[in-house]
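Please read the structure below before turning to the comments.
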Amino acid sequence: MIETLFLLLAGLVGGALNSLAGGGSFIVFPALLLVGVPPVIANASNTYAALPGYMSGAFGYWHAMAAHKHRLVVYGLVAAVFGYVGAELLLVVSNELFSLVVPWLMGFAVLLFAFGNKINGFVAAQGGGRRGMKLAGSALLLAFLAAVCVYGGFFNAGLGILLLAFLATAGLTDIHAMNGLKLYVSSIVALVAVARFAVSGSIDWYHGSIALVGVVVGGFLAARNAHRIPAKWIRLAVIVYGVFMTGYFFWGAYR
């Protein structure tokens, strides 16, 4: 009962963070580890818990993506193929090795979260509002997207920020369309990864479903009350918490 309540609370907080500022995986993934879920399964279960939020968000932004329908098929195919590759990579990594990798992935995700706006702004400035950077051809852009999707299939945290950086590189400037495409690609990556994890038996359905319920409810409640909470303070709290958890994982893995 205590574990159930703890995971439900973690899901509520994680879902609220995803609605208000992002970074919900910094809450849900460590919570799954703390209740005793093995690292690889905890990571897969975290992706499962995040999936409904991606899909509902993509549906909500569907109208904003109307001008970019020509991108959906190509982006969707890349997301499906390379999201699967990332999921497959996770399944060949042992829990022991993944435990050593987690601190570095968490640290990378925290840096992306902290400096993502500056990174995306810099990338967009380099693109100069054109359809794409002159130095980056279509093949190179798709290679960038493929690498991001492999990362997303392997480790979910920070995926949205990387996708926004890709979309800025591709020349998009409409933030609503970018958010929609981000969630669309994230949905496909997570859906393919969850399907692969399910086939291999790598999802803790019980603990993951408790977190999923919390994420959905927390995201809905936060979206209804977002105007009452200053986002900058939430981001700061997430960054501080993310740094603390990264240090905790480094201590646990390398002590």
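All residue names refer to the structure tokens as shown: chains lettered A, B, ... in order, residues numbered from 1 in each chain, ligands numbered from 1 in order.
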
Would you return as a PyMOL selection string the members of segment 8-184 of chain A that DSSP assigns to alpha helix (DSSP H) on this structure's backbone?
-> chain A and resi 8-20+25-34+39-60+69-91+95-127+138-154+159-169+175-184

Exercise: Leu5 of chain A partners within 10 Å, only C-alpha atoms, chain neighbours under 3 positions left out, as a VMD selection string = chain A and resid 1 to 2 8 to 11 210 to 211 214

Tell me which of A:Ser186, A:Asn95, A:Ser209, A:Thr246 sits closest to Gly83 of chain A, counting only C-alpha atoms.
-> A:Ser186

Among the residues A:Ser25, A:Thr169, A:Thr47, A:Asn179, the one that comes closest to Trp205 of chain A [using only C-alpha atoms] =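 Once distances to Trp205 of chain A are computed over only C-alpha atoms, the minimum belongs to A:Thr47.
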
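Of the residues under consideration (A:Ala177, A:Val78, A:Ala109, A:Leu162), A:Ala177 shows the shortest atom-to-atom contact distance to Ala58 of chain A when counting only C-alpha atoms.
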
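Counting only C-alpha atoms and comparing A:Ser138, A:Val217, A:Thr4, A:Gly86, the residue that lies closest to Gly171 of chain A is A:Ser138.
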
Considering only C-alpha atoms, return as a ChimeraX atom specification whatever protein or nucleic-acid residues lie within 12 Å of Asn43 of chain A, sequence-local ones (same chain, fewer than 4 positions apart) excluded.
-> /A:25-33,37-39,47-50,87,90-91,93,95,98-99,101-102,105-106,152-157,190,193-194,197,202-204,207-208

Between A:Val199, A:Leu191, A:Val110, A:Val85, which has the minimum distance to Gly247 of chain A (counting only C-alpha atoms)?
-> A:Val110

Counting only C-alpha atoms, which of A:Ala253, A:Leu183, A:Ile239, A:Val213 gets nearest to Tyr75 of chain A?
->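 Smallest separation from Tyr75 of chain A among the options: A:Leu183.
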
Just want the 12 Å neighbourhood of Tyr248 of chain A, counted on only C-alpha atoms, with same-chain residues fewer than 2 positions away dropped. Output as a compact mmCIF listing (two decimals) with C-alpha atoms, in the first residue's frame.
```
# COMPACT_ATOMS: atom_id res chain seq x y z
CA PRO A 30 13.70 7.34 -9.76
CA LEU A 34 13.14 3.31 -5.19
CA SER A 99 23.00 1.29 -13.49
CA VAL A 102 21.98 5.98 -15.68
CA PRO A 103 23.88 8.79 -13.87
CA TRP A 104 25.35 10.00 -17.16
CA MET A 106 20.31 11.67 -15.99
CA GLY A 107 23.03 14.33 -15.98
CA TYR A 241 15.90 17.98 -7.87
CA GLY A 242 17.45 16.61 -11.08
CA VAL A 243 20.94 17.60 -9.96
CA PHE A 244 20.34 15.96 -6.57
CA MET A 245 19.09 12.73 -8.16
CA THR A 246 21.99 12.68 -10.62
CA PHE A 250 26.49 8.65 -9.29
CA TRP A 251 27.07 7.90 -5.61
CA GLY A 252 25.13 4.64 -5.84
CA ALA A 253 26.82 3.48 -9.04
CA TYR A 254 30.44 4.46 -8.40
CA ARG A 255 30.91 4.49 -4.62
```
